[in-house]
Every structure is written in structure tokens, then in C-alpha cells.
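Undergrad: Structure file structure19.cif (mmCIF, C-alpha atoms) is given on the next line.
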data_target
#
loop_
_atom_site.label_atom_id
_atom_site.label_comp_id
_atom_site.auth_asym_id
_atom_site.auth_seq_id
_atom_site.Cartn_x
_atom_site.Cartn_y
_atom_site.Cartn_z
CA MET E 1 6.07 2.68 9.52
CA ALA E 2 5.07 2.56 5.84
CA ALA E 3 7.81 2.27 3.22
CA ALA E 4 8.63 5.32 1.10
CA ASP E 5 6.74 3.87 -1.85
CA THR E 6 3.55 2.71 -0.12
CA TYR E 7 0.34 4.31 1.10
CA LYS E 8 -2.86 3.10 2.72
CA THR E 9 -6.01 2.98 0.60
CA ILE E 10 -9.01 0.70 0.00
CA ARG E 11 -8.89 -2.30 -2.32
CA SER E 12 -12.34 -1.94 -3.88
CA VAL E 13 -15.69 -0.17 -3.66
CA SER E 14 -17.43 -0.43 -0.29
CA ARG E 15 -20.73 0.93 1.03
CA GLY E 16 -22.40 1.89 4.26
CA ILE E 17 -25.85 3.13 5.36
CA TYR E 18 -26.83 5.38 8.26
CA LYS E 19 -30.45 6.20 9.17
CA GLU E 20 -31.68 9.07 11.34
CA LYS E 21 -35.26 10.33 11.87
CA GLY E 22 -36.49 8.95 8.57
CA SER E 23 -33.54 10.23 6.54
CA LYS E 24 -31.25 7.69 4.93
CA PHE E 25 -27.58 8.34 4.16
CA ILE E 26 -25.99 5.91 1.70
CA ALA E 27 -22.20 6.09 1.49
CA ALA E 28 -20.03 4.67 -1.28
CA ALA E 29 -16.23 4.64 -0.99
CA PHE E 30 -14.07 4.26 -4.10
CA PRO E 31 -10.34 3.72 -4.65
CA ILE E 32 -9.09 6.32 -7.15
CA PHE E 33 -5.78 7.31 -8.73
CA GLU E 34 -6.45 10.70 -10.34
CA GLU E 35 -8.95 13.56 -10.34
CA ALA E 36 -10.20 12.69 -13.83
CA GLU E 37 -11.92 9.60 -12.36
CA ILE E 38 -14.00 11.56 -9.86
CA LYS E 39 -16.61 13.36 -11.99
CA PRO E 40 -17.80 10.19 -13.83
CA ILE E 41 -18.12 8.32 -10.51
CA ILE E 42 -20.20 11.14 -8.99
CA GLU E 43 -22.42 11.23 -12.08
CA ASP E 44 -22.98 7.47 -11.83
CA ILE E 45 -23.94 7.80 -8.16
CA ARG E 46 -26.39 10.62 -8.97
CA LYS E 47 -28.04 8.32 -11.52
CA GLU E 48 -28.06 5.32 -9.17
CA TYR E 49 -29.60 7.32 -6.31
CA HIS E 50 -31.51 9.79 -8.48
CA GLU E 51 -34.17 10.48 -5.84
CA ALA E 52 -31.62 11.52 -3.22
CA LYS E 53 -31.67 15.26 -2.43
CA HIS E 54 -27.95 15.68 -1.80
CA HIS E 55 -24.71 13.89 -2.72
CA GLY E 56 -22.02 15.25 -0.41
CA TYR E 57 -18.53 13.99 -1.12
CA ALA E 58 -14.85 14.28 -0.29
CA TYR E 59 -11.63 12.85 -1.62
CA ILE E 60 -7.92 12.76 -0.90
CA LEU E 61 -5.28 12.07 -3.56
CA GLY E 62 -1.54 11.55 -3.66
CA GLN E 63 0.91 9.62 -1.52
CA GLU E 64 1.18 12.54 0.90
CA GLY E 65 -2.54 13.34 0.71
CA LEU E 66 -1.89 16.91 -0.43
CA THR E 67 -4.72 17.00 -2.99
CA TRP E 68 -8.19 17.01 -1.47
CA ARG E 69 -11.66 18.46 -1.73
CA ALA E 70 -14.86 18.48 0.34
CA ASN E 71 -18.25 19.35 -1.22
CA ASP E 72 -21.53 19.81 0.68
CA ASP E 73 -23.73 19.66 -2.45
CA GLY E 74 -26.31 22.10 -1.12
CA GLU E 75 -26.26 21.07 2.53
CA PRO E 76 -25.39 23.77 5.12
CA SER E 77 -21.71 24.70 4.87
CA GLY E 78 -19.42 22.22 6.56
CA THR E 79 -22.08 19.62 7.36
CA ALA E 80 -21.41 17.04 4.62
CA GLY E 81 -18.06 17.22 2.82
CA ARG E 82 -15.92 18.06 5.86
CA PRO E 83 -17.22 15.20 8.05
CA ILE E 84 -16.65 12.79 5.15
CA LEU E 85 -13.13 14.13 4.62
CA GLY E 86 -12.46 13.75 8.33
CA GLN E 87 -13.19 10.04 8.15
CA ILE E 88 -10.78 9.49 5.26
CA ARG E 89 -8.08 11.31 7.21
CA SER E 90 -8.80 9.60 10.53
CA HIS E 91 -8.33 6.22 8.84
CA GLY E 92 -4.99 7.39 7.42
CA LEU E 93 -6.08 6.83 3.82
CA THR E 94 -5.40 8.48 0.49
CA ASN E 95 -6.54 7.94 -3.11
CA VAL E 96 -10.07 7.53 -1.78
CA LEU E 97 -13.36 9.16 -2.80
CA ILE E 98 -16.46 8.89 -0.59
CA ILE E 99 -19.90 10.04 -1.73
CA VAL E 100 -22.83 10.11 0.68
CA SER E 101 -26.31 10.31 -0.89
CA ARG E 102 -29.07 11.62 1.38
CA TYR E 103 -32.75 10.71 1.16
CA PHE E 104 -34.66 13.30 3.20
CA GLY E 105 -37.12 11.78 5.65
CA GLY E 106 -39.16 14.89 6.42
CA THR E 107 -37.55 15.83 9.74
CA LEU E 108 -34.76 18.42 9.88
CA LEU E 109 -31.67 17.08 11.63
CA GLY E 110 -29.98 20.38 12.37
CA VAL E 111 -26.33 21.17 11.81
CA SER E 112 -24.96 18.78 14.44
CA GLY E 113 -27.32 16.03 13.28
CA LEU E 114 -26.19 16.39 9.67
CA ILE E 115 -22.52 16.37 10.62
CA ASN E 116 -23.00 13.19 12.63
CA ALA E 117 -25.03 11.52 9.88
CA TYR E 118 -22.54 12.19 7.07
CA LYS E 119 -19.64 11.26 9.35
CA SER E 120 -21.31 8.01 10.43
CA ALA E 121 -22.27 6.97 6.88
CA ALA E 122 -18.71 7.54 5.68
CA GLU E 123 -17.35 5.66 8.69
CA TYR E 124 -19.60 2.66 7.99
CA ALA E 125 -18.43 2.56 4.36
CA LEU E 126 -14.80 2.48 5.47
CA GLU E 127 -15.48 -0.10 8.18
CA SER E 128 -16.71 -2.49 5.50
CA ALA E 129 -13.76 -1.73 3.21
CA GLU E 130 -10.58 -3.76 2.92
CA ILE E 131 -7.74 -1.37 3.75
CA VAL E 132 -4.47 -2.23 2.02
CA ASP E 133 -0.92 -0.95 1.72
CA HIS E 134 -0.64 -0.02 -1.94
CA ILE E 135 2.85 -0.26 -3.41
CA ILE E 136 3.63 2.54 -5.85
CA HIS E 137 4.88 1.26 -9.20
CA GLU E 138 6.40 3.27 -12.02
CA CYS E 139 6.06 2.20 -15.64
CA TYR E 140 8.63 2.85 -18.36
CA GLU E 141 8.79 2.13 -22.07
CA VAL E 142 12.21 0.64 -22.77
CA LYS E 143 13.78 0.31 -26.23
CA TYR E 144 16.99 -1.54 -26.96
CA PRO E 145 18.78 -3.33 -29.84
CA TYR E 146 18.08 -7.05 -30.22
CA PRO E 147 21.65 -8.14 -29.24
CA ALA E 148 21.13 -6.49 -25.82
CA MET E 149 18.15 -8.71 -24.96
CA ASN E 150 20.06 -11.06 -22.65
CA ASP E 151 21.40 -8.13 -20.64
CA VAL E 152 17.90 -6.63 -20.31
CA MET E 153 16.32 -9.94 -19.33
CA LYS E 154 19.03 -10.53 -16.73
CA ILE E 155 18.15 -7.24 -15.00
CA ILE E 156 14.42 -7.99 -15.23
CA LYS E 157 14.93 -11.36 -13.54
CA GLU E 158 17.31 -10.15 -10.84
CA GLU E 159 15.19 -7.10 -9.96
CA ASN E 160 11.86 -8.95 -10.15
CA ILE E 161 10.50 -6.42 -12.66
CA LEU E 162 7.03 -6.82 -14.17
CA GLN E 163 7.01 -6.76 -17.97
CA SER E 164 4.39 -6.40 -20.70
CA GLY E 165 3.86 -5.10 -24.23
CA HIS E 166 6.77 -6.96 -25.81
CA SER E 167 7.79 -6.15 -29.36
CA PHE E 168 10.90 -8.03 -30.54
CA ASP E 169 12.55 -6.93 -33.78
CA LEU E 170 15.86 -5.31 -34.73
CA GLU E 171 14.85 -2.78 -32.10
CA CYS E 172 12.95 -4.28 -29.18
CA THR E 173 10.31 -2.47 -27.11
CA ILE E 174 9.06 -3.55 -23.69
CA ILE E 175 7.03 -1.99 -20.89
CA LEU E 176 8.59 -2.39 -17.46
CA SER E 177 6.95 -1.78 -14.09
CA PHE E 178 8.78 -1.71 -10.76
CA ARG E 179 8.59 -0.25 -7.25
CA SER E 180 9.17 3.48 -7.08
CA SER E 181 11.80 3.01 -4.36
CA ALA E 182 13.92 0.92 -6.77
CA ARG E 183 13.84 3.50 -9.57
CA GLU E 184 17.36 4.89 -9.25
CA ARG E 185 19.04 1.49 -8.99
CA ILE E 186 17.13 -0.10 -11.88
CA LEU E 187 17.41 2.84 -14.27
CA THR E 188 21.13 3.10 -13.54
CA ARG E 189 21.58 -0.56 -14.45
CA LEU E 190 19.50 -0.22 -17.61
CA SER E 191 21.34 2.92 -18.74
CA ARG E 192 24.61 1.00 -18.80
CA ILE E 193 23.31 -1.15 -21.66
CA GLU E 194 24.57 0.22 -24.98
CA GLY E 195 21.81 1.55 -27.24
CA LEU E 196 19.08 1.30 -24.59
CA THR E 197 16.68 4.20 -24.05
CA TYR E 198 13.75 4.52 -21.68
CA LYS E 199 10.74 6.82 -21.30
CA PHE E 200 8.58 7.32 -18.21
CA ILE E 201 4.90 6.46 -18.82
CA LEU E 202 2.96 6.62 -15.56
CA VAL E 203 2.91 5.85 -11.87
CA ARG E 204 0.33 3.60 -10.18
#
Here is the file; what I need is its structure written in the form of C-alpha cells.
TA:
Amino acid sequence: MAAADTYKTIRSVSRGIYKEKGSKFIAAAFPIFEEAEIKPIIEDIRKEYHEAKHHGYAYILGQEGLTWRANDDGEPSGTAGRPILGQIRSHGLTNVLIIVSRYFGGTLLGVSGLINAYKSAAEYALESAEIVDHIIHECYEVKYPYPAMNDVMKIIKEENILQSGHSFDLECTIILSFRSSARERILTRLSRIEGLTYKFILVR
């Protein structure tokens, strides 16, 4: 069973190809974190496969997979986006976008043929992907007075916290990143340090 702060996704971009009666279906699977990433990726795929007639796609976002969309891009309703979405779900993945570009080969495949083609292309892309358990990290900007540095560094070392963006002066600033499941414990420890403040930045 996955930990409370992990989810299954793909490590990097992967591709798959399915051919049927002269038509070619090229699938590209992408790891994503937010919806803002999706439109630019789709535009890039449209440019890369500019002669393709359709670019059906689907994505799922969020640890619980509650944000999703399926788009047929002009294919008969339910024949492209839904089969792609089904493959993401059947692999138990989230934060994944799959786009399948179709080159028409001159022979109509029919509804069942299209569903199978888009499903198979998406499946091949995921079969070639490296599926990983992604650990959710939260990032905070932490500010504290210089005399408190030893106390802060002690917590960072003991909790195995990732750090970046140091700025040491009379008031020190540092960016800390740690597992979401450790949030309450770590923030409680930090808040006990006199003069320390923290601000949530993002989750990855």
C-alpha cells in the first residue's frame, strides 16, 4: 500500500505506436504537475505531428486523481479521449498526460476500431514508461534571526530536510523541502525557535 504522501506516475516522457489498416497512432505520455503545463505540451505535439488529423488526449492530476479530462479532438464521441483515460486509470497512475496523434490511412476503422487503436497506442506508451512512486514534497520559505542558525541546522540535519536558496545576514532566509507526511512534526519543531517564521511556497 502506498504511503500517504506518495503516488504512482511516470518518470519521463515515453512513446508508443499502433498501426491499423494504414492508419498510424503515435502516443506520447508526459509526467505533469499542474494544468498550466498541458496546453503548451499539446501545442508542441500538434507542431511535431502537424500532418496528423487528430490529437486525442487525456490526463489525470492530483494525488487522488480527482482532476481529469478526456478530449476526442474531432473523433466520434468517446472513441479517443476515454480509451486513453482508461489506460492511465488501469495503470493506477496520476499526474500523467497522454496525447495520441492519428495519421489517417484511408480506411475507416469504425467506432470499435478507433477505441481499440487509441487504447492500444496509449497502452504501448505506458508499457515503455518507467513507473515510479513519487514522494510528495512541500517547500517553505523560512526566515529566522542569525543567532538561531544552529537550532535550525540541527532540525534540518535530524529530519533530513533538503535546503536551498540560502541568504545569511542579520535575518537569514532559506528554502526547505520535506515529505508532506512530515509536515506537522517539522513545522512544530521550527515554530518553537524564537523569531522564526515560515511561508508555504509549493508542493511537488
Undergrad: For the structure shown, which residues end up in the PyMOL selection byres ((chain E and resi 19-22) around 9)? Put them as a list in words, please?
TA: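 Checking the PyMOL selection byres ((chain E and resi 19-22) around 9) against this file, the residues are Ile17, Tyr18, Ser23, Lys24, Phe25, Ile26, Tyr103, Phe104, Gly105, Gly106, Thr107, Leu108, Leu109, Gly113, Ala117 and Ala121 of chain E.
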Undergrad: Could you check the closest approach to Asp133 in chain E for each of E:Ala29, E:Ser112, E:Gly92, E:Pro147 and tell me which residue wins, using all atoms listed in the file?
TA: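 Comparing E:Ala29, E:Ser112, E:Gly92, E:Pro147 against Asp133 in chain E, the winner is E:Gly92.
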Undergrad: I'd like the contact shell of range 48-62 of chain E - 6 Å cut-off, all atoms listed in the file, skipping same-chain residues fewer than 6 positions apart - returned as a VMD selection string.
TA: chain E and resid 68 to 73 80 to 81 84 to 85 94 to 103
Undergrad: Would you export the selected residues with C-alpha atoms as an mmCIF file, keeping the file's coordinate frame, please?
TA:
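File written: result-v5.cif
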data_model
loop_
_atom_site.group_PDB
_atom_site.id
_atom_site.type_symbol
_atom_site.label_atom_id
_atom_site.label_comp_id
_atom_site.auth_asym_id
_atom_site.auth_seq_id
_atom_site.Cartn_x
_atom_site.Cartn_y
_atom_site.Cartn_z
ATOM 1 C CA TRP E 68 -8.190 17.010 -1.470
ATOM 2 C CA ARG E 69 -11.660 18.460 -1.730
ATOM 3 C CA ALA E 70 -14.860 18.480 0.340
ATOM 4 C CA ASN E 71 -18.250 19.350 -1.220
ATOM 5 C CA ASP E 72 -21.530 19.810 0.680
ATOM 6 C CA ASP E 73 -23.730 19.660 -2.450
ATOM 7 C CA ALA E 80 -21.410 17.040 4.620
ATOM 8 C CA GLY E 81 -18.060 17.220 2.820
ATOM 9 C CA ILE E 84 -16.650 12.790 5.150
ATOM 10 C CA LEU E 85 -13.130 14.130 4.620
ATOM 11 C CA THR E 94 -5.400 8.480 0.490
ATOM 12 C CA ASN E 95 -6.540 7.940 -3.110
ATOM 13 C CA VAL E 96 -10.070 7.530 -1.780
ATOM 14 C CA LEU E 97 -13.360 9.160 -2.800
ATOM 15 C CA ILE E 98 -16.460 8.890 -0.590
ATOM 16 C CA ILE E 99 -19.900 10.040 -1.730
ATOM 17 C CA VAL E 100 -22.830 10.110 0.680
ATOM 18 C CA SER E 101 -26.310 10.310 -0.890
ATOM 19 C CA ARG E 102 -29.070 11.620 1.380
ATOM 20 C CA TYR E 103 -32.750 10.710 1.160
#
Undergrad: Given all atoms listed in the file as the basis, pick out the residue of E:Ser120, E:Ser181, E:Thr67, E:Ser164 nearest to Arg15 in chain E.
TA: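 Closest to Arg15 in chain E, using all atoms listed in the file: E:Ser120.
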Undergrad: Find the spatial neighbours of Ser180 in chain E, counting all atoms listed in the file, within a cut-off of 8 Å - ignore same-chain residues fewer than 4 positions away - and output them as a ChimeraX atom specification.
TA: /E:5,136-138
Undergrad: When the PyMOL selection byres ((chain E and resi 135) around 12) is applied to the structure above, which residues does it catch, written out as a PyMOL selection string?
TA: chain E and resi 2-9+11+63+132-134+136-138+177-182+203-204
Undergrad: Output C-alpha atoms for every residue in that selection, as a compact mmCIF listing (two decimals), keeping the file's coordinate frame.
TA:
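Result file follows (part-v7.txt):
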# COMPACT_ATOMS: atom_id res chain seq x y z
CA ALA E 2 5.07 2.56 5.84
CA ALA E 3 7.81 2.27 3.22
CA ALA E 4 8.63 5.32 1.10
CA ASP E 5 6.74 3.87 -1.85
CA THR E 6 3.55 2.71 -0.12
CA TYR E 7 0.34 4.31 1.10
CA LYS E 8 -2.86 3.10 2.72
CA THR E 9 -6.01 2.98 0.60
CA ARG E 11 -8.89 -2.30 -2.32
CA GLN E 63 0.91 9.62 -1.52
CA VAL E 132 -4.47 -2.23 2.02
CA ASP E 133 -0.92 -0.95 1.72
CA HIS E 134 -0.64 -0.02 -1.94
CA ILE E 136 3.63 2.54 -5.85
CA HIS E 137 4.88 1.26 -9.20
CA GLU E 138 6.40 3.27 -12.02
CA SER E 177 6.95 -1.78 -14.09
CA PHE E 178 8.78 -1.71 -10.76
CA ARG E 179 8.59 -0.25 -7.25
CA SER E 180 9.17 3.48 -7.08
CA SER E 181 11.80 3.01 -4.36
CA ALA E 182 13.92 0.92 -6.77
CA VAL E 203 2.91 5.85 -11.87
CA ARG E 204 0.33 3.60 -10.18
Undergrad: In the coordinates of the file, take the point (-16.3, 12.6, -11.3) and a cut-off of 12 Å; then, counting all atoms listed in the file, name each qualifying protein, DNA or RNA residue as a PyMOL selection string.
TA: chain E and resi 30+32+34-46+57-59+97-99
Undergrad: Could those residues be written to a file, using C-alpha atoms, as a PDB file, keeping the file's coordinate frame?
TA:
ATOM      1  CA  PHE E  30     -14.070   4.260  -4.100  1.00  0.00           C
ATOM      2  CA  ILE E  32      -9.090   6.320  -7.150  1.00  0.00           C
ATOM      3  CA  GLU E  34      -6.450  10.700 -10.340  1.00  0.00           C
ATOM      4  CA  GLU E  35      -8.950  13.560 -10.340  1.00  0.00           C
ATOM      5  CA  ALA E  36     -10.200  12.690 -13.830  1.00  0.00           C
ATOM      6  CA  GLU E  37     -11.920   9.600 -12.360  1.00  0.00           C
ATOM      7  CA  ILE E  38     -14.000  11.560  -9.860  1.00  0.00           C
ATOM      8  CA  LYS E  39     -16.610  13.360 -11.990  1.00  0.00           C
ATOM      9  CA  PRO E  40     -17.800  10.190 -13.830  1.00  0.00           C
ATOM     10  CA  ILE E  41     -18.120   8.320 -10.510  1.00  0.00           C
ATOM     11  CA  ILE E  42     -20.200  11.140  -8.990  1.00  0.00           C
ATOM     12  CA  GLU E  43     -22.420  11.230 -12.080  1.00  0.00           C
ATOM     13  CA  ASP E  44     -22.980   7.470 -11.830  1.00  0.00           C
ATOM     14  CA  ILE E  45     -23.940   7.800  -8.160  1.00  0.00           C
ATOM     15  CA  ARG E  46     -26.390  10.620  -8.970  1.00  0.00           C
ATOM     16  CA  TYR E  57     -18.530  13.990  -1.120  1.00  0.00           C
ATOM     17  CA  ALA E  58     -14.850  14.280  -0.290  1.00  0.00           C
ATOM     18  CA  TYR E  59     -11.630  12.850  -1.620  1.00  0.00           C
ATOM     19  CA  LEU E  97     -13.360   9.160  -2.800  1.00  0.00           C
ATOM     20  CA  ILE E  98     -16.460   8.890  -0.590  1.00  0.00           C
ATOM     21  CA  ILE E  99     -19.900  10.040  -1.730  1.00  0.00           C
TER      22      ILE E  99
END
Undergrad: Got a sec to resolve the PyMOL selection byres ((chain E and resi 127-129) around 9) on this structure and send the residues as a PyMOL selection string?
TA: chain E and resi 10-16+29+122-126+130-131
Undergrad: Nearest to Glu158 in chain E among E:Arg189, E:Lys47, E:Lys199, E:Lys119, with distances taken over only C-alpha atoms: which residue is it?
TA: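 Among the listed residues, E:Arg189 lies closest to Glu158 in chain E.
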Undergrad: Hey, could you patch up range 40-75 of chain E with N, CA and C atoms and hand it over as a compact mmCIF listing (two decimals), in the frame of the given file?
TA:
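New file out.txt:
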# COMPACT_ATOMS: atom_id res chain seq x y z
N PRO E 40 -16.95 11.29 -13.34
CA PRO E 40 -17.80 10.19 -13.83
C PRO E 40 -18.38 9.34 -12.71
N ILE E 41 -17.62 9.12 -11.64
CA ILE E 41 -18.12 8.32 -10.51
C ILE E 41 -19.29 9.05 -9.84
N ILE E 42 -19.13 10.36 -9.62
CA ILE E 42 -20.20 11.14 -8.99
C ILE E 42 -21.45 11.13 -9.86
N GLU E 43 -21.28 11.25 -11.17
CA GLU E 43 -22.42 11.23 -12.08
C GLU E 43 -23.14 9.88 -12.03
N ASP E 44 -22.37 8.81 -11.94
CA ASP E 44 -22.98 7.47 -11.83
C ASP E 44 -23.78 7.34 -10.54
N ILE E 45 -23.23 7.87 -9.44
CA ILE E 45 -23.94 7.80 -8.16
C ILE E 45 -25.22 8.63 -8.21
N ARG E 46 -25.19 9.79 -8.83
CA ARG E 46 -26.39 10.62 -8.97
C ARG E 46 -27.48 9.89 -9.75
N LYS E 47 -27.07 9.10 -10.75
CA LYS E 47 -28.04 8.32 -11.52
C LYS E 47 -28.57 7.15 -10.70
N GLU E 48 -27.67 6.49 -9.97
CA GLU E 48 -28.06 5.32 -9.17
C GLU E 48 -29.03 5.72 -8.06
N TYR E 49 -28.75 6.84 -7.40
CA TYR E 49 -29.60 7.32 -6.31
C TYR E 49 -30.25 8.64 -6.75
N HIS E 50 -30.99 8.58 -7.85
CA HIS E 50 -31.51 9.79 -8.48
C HIS E 50 -32.58 10.51 -7.65
N GLU E 51 -33.16 9.82 -6.68
CA GLU E 51 -34.17 10.48 -5.84
C GLU E 51 -33.56 11.11 -4.59
N ALA E 52 -32.28 10.92 -4.37
CA ALA E 52 -31.62 11.52 -3.22
C ALA E 52 -31.51 13.03 -3.42
N LYS E 53 -31.68 13.79 -2.34
CA LYS E 53 -31.67 15.26 -2.43
C LYS E 53 -30.25 15.82 -2.49
N HIS E 54 -29.32 15.16 -1.86
CA HIS E 54 -27.95 15.68 -1.80
C HIS E 54 -26.95 14.53 -1.97
N HIS E 55 -25.80 14.87 -2.54
CA HIS E 55 -24.71 13.89 -2.72
C HIS E 55 -23.41 14.56 -2.25
N GLY E 56 -23.24 14.66 -0.95
CA GLY E 56 -22.02 15.25 -0.41
C GLY E 56 -20.85 14.30 -0.64
N TYR E 57 -19.68 14.87 -0.86
CA TYR E 57 -18.53 13.99 -1.12
C TYR E 57 -17.23 14.64 -0.67
N ALA E 58 -16.20 13.81 -0.59
CA ALA E 58 -14.85 14.28 -0.29
C ALA E 58 -13.86 13.27 -0.84
N TYR E 59 -12.68 13.76 -1.16
CA TYR E 59 -11.63 12.85 -1.62
C TYR E 59 -10.27 13.37 -1.20
N ILE E 60 -9.32 12.45 -1.13
CA ILE E 60 -7.92 12.76 -0.90
C ILE E 60 -7.10 12.00 -1.93
N LEU E 61 -6.12 12.67 -2.53
CA LEU E 61 -5.28 12.07 -3.56
C LEU E 61 -3.80 12.30 -3.26
N GLY E 62 -2.97 11.40 -3.77
CA GLY E 62 -1.54 11.55 -3.66
C GLY E 62 -0.96 10.83 -2.46
N GLN E 63 0.28 10.39 -2.60
CA GLN E 63 0.91 9.62 -1.52
C GLN E 63 0.93 10.41 -0.21
N GLU E 64 1.14 11.72 -0.30
CA GLU E 64 1.18 12.54 0.90
C GLU E 64 -0.19 13.13 1.26
N GLY E 65 -1.20 12.85 0.43
CA GLY E 65 -2.54 13.34 0.71
C GLY E 65 -2.68 14.85 0.58
N LEU E 66 -1.89 15.44 -0.30
CA LEU E 66 -1.89 16.91 -0.43
C LEU E 66 -3.02 17.44 -1.30
N THR E 67 -3.61 16.58 -2.13
CA THR E 67 -4.72 17.00 -2.99
C THR E 67 -6.02 16.50 -2.40
N TRP E 68 -6.93 17.42 -2.08
CA TRP E 68 -8.19 17.01 -1.47
C TRP E 68 -9.28 18.02 -1.77
N ARG E 69 -10.52 17.57 -1.57
CA ARG E 69 -11.66 18.46 -1.73
C ARG E 69 -12.83 17.93 -0.91
N ALA E 70 -13.64 18.85 -0.38
CA ALA E 70 -14.86 18.48 0.34
C ALA E 70 -16.00 19.32 -0.23
N ASN E 71 -17.12 18.66 -0.59
CA ASN E 71 -18.25 19.35 -1.22
C ASN E 71 -19.54 19.00 -0.49
N ASP E 72 -20.30 20.02 -0.08
CA ASP E 72 -21.53 19.81 0.68
C ASP E 72 -22.75 19.57 -0.21
N ASP E 73 -22.65 19.86 -1.49
CA ASP E 73 -23.73 19.66 -2.45
C ASP E 73 -25.07 20.20 -1.95
N GLY E 74 -25.06 21.46 -1.50
CA GLY E 74 -26.31 22.10 -1.12
C GLY E 74 -26.69 21.99 0.34
N GLU E 75 -26.01 21.14 1.10
CA GLU E 75 -26.26 21.07 2.53
C GLU E 75 -25.62 22.29 3.20
